[in-house]
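Below is one structure, written out as structure tokens; the observations come after it.
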Amino acid sequence: MTQQIVLAICSFALALLGTLLLSALSLVVARSGSCARAFRYETEARALTLLKEWLSPKQRACYERFRYFDVVGSDTGTRYRIHHGTQTNIEELGITGHQVCKWCFVPDGDLVAGDVMLAQKIALETNERGALSVAHRSFVSSGPRRF
Amino acid sequence: MASQIVMDRTGDTRHTFDIHDRAEVEKAERRFRELTGAGFTAAVRSGPGEQRVIRAFDPTAEETLFYPRLVGG
């Protein structure tokens, strides 16, 4: 009888301890997730500030309104539309403004959208051929854009 | 003060240096060589929304931006 009582108390204590440990672990995970989100948000905000500093007034106004801006290729004079994003976010535009194709090139490393778009702008405006020589070209329309 | 802005996972890292301080300028020049040697492109602003790529260290540039090598996405 005494043994059963001791066993019951031990089981209860272990269950309680387990619950406490799980709660503590959940709290740590939630906090680290929250920190990661805050860090990502801060990083993206800093990159967007830098991007806007380097855009022309016209490009900046366009980006702030539509989340894209246009650049003119340094070698061919072709117009490209850089959408907010980090993948396949560049449209080549024809003379009437229609989409000819999409291009995808990015700076190496896990950079956020603001940095990626700034590198794409500089590359197209200063070394269009060099940028497109490493880029992937796509003719497939993916419907409405969701970056 | 001049600054070198290096794009990275934190958004960017900024290194400022006094263009009148020889030691700081030399350090900035070393950083320029290391980054461009590692495949980074260096660009300076030449007007509102305009920029030019530089291949050699420019100690008079107020702001130099470095972005990593481009790859197909």
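In the structure tokens, the first chain shown is A, the next is B, and so on; residue numbers restart at 1 for each chain, and ligands run from 1 in the order shown.
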
Could you write out as a PyMOL selection string the residues of chain B within 10 Å of chain A, counting only C-alpha atoms? chain B and resi 5+7-12+39-45+47-53+65-73

Please save C-alpha atoms of the selected residues as a JSON list (two decimals), in the first residue's frame.
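Produced file again_39.json, reproduced below:
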```json
[["chain", "number", "residue", "atom", "x", "y", "z"],
["B", 5, "ILE", "CA", 28.56, 49.69, -47.37],
["B", 7, "MET", "CA", 25.55, 44.02, -48.46],
["B", 8, "ASP", "CA", 25.15, 40.97, -46.27],
["B", 9, "ARG", "CA", 22.57, 38.90, -44.41],
["B", 10, "THR", "CA", 22.00, 41.70, -41.91],
["B", 11, "GLY", "CA", 21.03, 44.04, -44.75],
["B", 12, "ASP", "CA", 24.41, 45.73, -44.83],
["B", 39, "GLY", "CA", 33.79, 38.85, -56.38],
["B", 40, "PHE", "CA", 31.96, 41.84, -54.94],
["B", 41, "THR", "CA", 31.07, 44.70, -57.28],
["B", 42, "ALA", "CA", 31.82, 48.21, -56.03],
["B", 43, "ALA", "CA", 29.59, 51.11, -57.05],
["B", 44, "VAL", "CA", 29.46, 54.78, -56.20],
["B", 45, "ARG", "CA", 26.62, 57.21, -56.69],
["B", 47, "GLY", "CA", 23.85, 61.54, -59.24],
["B", 48, "PRO", "CA", 20.27, 61.02, -58.09],
["B", 49, "GLY", "CA", 19.47, 57.44, -59.04],
["B", 50, "GLU", "CA", 22.68, 57.17, -61.04],
["B", 51, "GLN", "CA", 25.75, 55.18, -60.23],
["B", 52, "ARG", "CA", 28.98, 53.95, -61.73],
["B", 53, "VAL", "CA", 30.93, 50.79, -61.06],
["B", 65, "LEU", "CA", 28.45, 50.14, -52.09],
["B", 66, "PHE", "CA", 29.55, 46.53, -52.46],
["B", 67, "TYR", "CA", 27.25, 43.76, -53.58],
["B", 68, "PRO", "CA", 28.11, 40.07, -53.96],
["B", 69, "ARG", "CA", 28.75, 38.29, -57.24],
["B", 70, "LEU", "CA", 25.63, 37.84, -59.34],
["B", 71, "VAL", "CA", 24.27, 34.38, -59.98],
["B", 72, "GLY", "CA", 21.34, 33.05, -61.96],
["B", 73, "GLY", "CA", 18.31, 32.74, -59.71]]
```

Return as an NGL selection string the full set of residues in chain B whose backbone-based DSSP assignment is strand (DSSP E or B). :B and (2-8 or 11-17 or 41-47 or 50-54 or 63-67 or 70-72)

With a distance cut-off of 9 Å and only C-alpha atoms, select the neighbouring residues of stretch 13-27 of chain B, excluding the residue or stretch itself and same-chain residues fewer than 4 positions from it, and output the selection as a list of chain:residue names. B:Met1, B:Ala2, B:Ser3, B:Gln4, B:Ile5, B:Val6, B:Met7, B:Asp8, B:Arg31, B:Phe32, B:Pro59, B:Thr60

Which parts of chain B does DSSP call helix (DSSP H, G or I) when run on the backbone here, written out as a ChimeraX atom specification? /B:22-37

Print the selection's residues with N, CA and C atoms to a file, as an mmCIF file, in the first residue's frame.
```
data_model
loop_
_atom_site.group_PDB
_atom_site.id
_atom_site.type_symbol
_atom_site.label_atom_id
_atom_site.label_comp_id
_atom_site.auth_asym_id
_atom_site.auth_seq_id
_atom_site.Cartn_x
_atom_site.Cartn_y
_atom_site.Cartn_z
ATOM 1 N N ARG B 22 45.484 58.747 -42.946
ATOM 2 C CA ARG B 22 46.161 57.836 -43.881
ATOM 3 C C ARG B 22 45.956 56.359 -43.526
ATOM 4 N N ALA B 23 46.068 56.047 -42.230
ATOM 5 C CA ALA B 23 45.925 54.649 -41.800
ATOM 6 C C ALA B 23 44.514 54.133 -42.114
ATOM 7 N N GLU B 24 43.528 54.969 -41.873
ATOM 8 C CA GLU B 24 42.142 54.539 -42.135
ATOM 9 C C GLU B 24 41.890 54.370 -43.635
ATOM 10 N N VAL B 25 42.483 55.248 -44.412
ATOM 11 C CA VAL B 25 42.314 55.148 -45.864
ATOM 12 C C VAL B 25 42.968 53.864 -46.385
ATOM 13 N N GLU B 26 44.156 53.564 -45.831
ATOM 14 C CA GLU B 26 44.833 52.321 -46.254
ATOM 15 C C GLU B 26 43.996 51.095 -45.898
ATOM 16 N N LYS B 27 43.397 51.159 -44.710
ATOM 17 C CA LYS B 27 42.548 50.043 -44.276
ATOM 18 C C LYS B 27 41.340 49.903 -45.209
ATOM 19 N N ALA B 28 40.768 51.037 -45.572
ATOM 20 C CA ALA B 28 39.614 51.025 -46.480
ATOM 21 C C ALA B 28 40.020 50.483 -47.854
ATOM 22 N N GLU B 29 41.214 50.843 -48.280
ATOM 23 C CA GLU B 29 41.690 50.364 -49.579
ATOM 24 C C GLU B 29 41.910 48.845 -49.542
ATOM 25 N N ARG B 30 42.450 48.361 -48.422
ATOM 26 C CA ARG B 30 42.630 46.903 -48.267
ATOM 27 C C ARG B 30 41.272 46.205 -48.335
ATOM 28 N N ARG B 31 40.299 46.790 -47.644
ATOM 29 C CA ARG B 31 38.949 46.199 -47.639
ATOM 30 C C ARG B 31 38.388 46.181 -49.061
ATOM 31 N N PHE B 32 38.610 47.258 -49.791
ATOM 32 C CA PHE B 32 38.138 47.342 -51.178
ATOM 33 C C PHE B 32 38.743 46.196 -52.001
ATOM 34 N N ARG B 33 40.059 46.018 -51.850
ATOM 35 C CA ARG B 33 40.735 44.974 -52.639
ATOM 36 C C ARG B 33 40.240 43.581 -52.249
ATOM 37 N N GLU B 34 40.056 43.378 -50.950
ATOM 38 C CA GLU B 34 39.592 42.061 -50.487
ATOM 39 C C GLU B 34 38.191 41.751 -51.023
ATOM 40 N N LEU B 35 37.325 42.732 -50.943
ATOM 41 C CA LEU B 35 35.936 42.499 -51.370
ATOM 42 C C LEU B 35 35.841 42.297 -52.885
ATOM 43 N N THR B 36 36.493 43.173 -53.630
ATOM 44 C CA THR B 36 36.408 43.024 -55.092
ATOM 45 C C THR B 36 37.129 41.743 -55.533
ATOM 46 N N GLY B 37 38.192 41.394 -54.796
ATOM 47 C CA GLY B 37 38.898 40.143 -55.096
ATOM 48 C C GLY B 37 38.015 38.936 -54.838
#
```

Excluding A:His83 and its own-chain neighbours fewer than 5 positions away, which residues fall within 8 Å of it when counting only C-alpha atoms? Please give them as a VMD selection string. chain A and resid 67 to 69 89 to 91 117 147
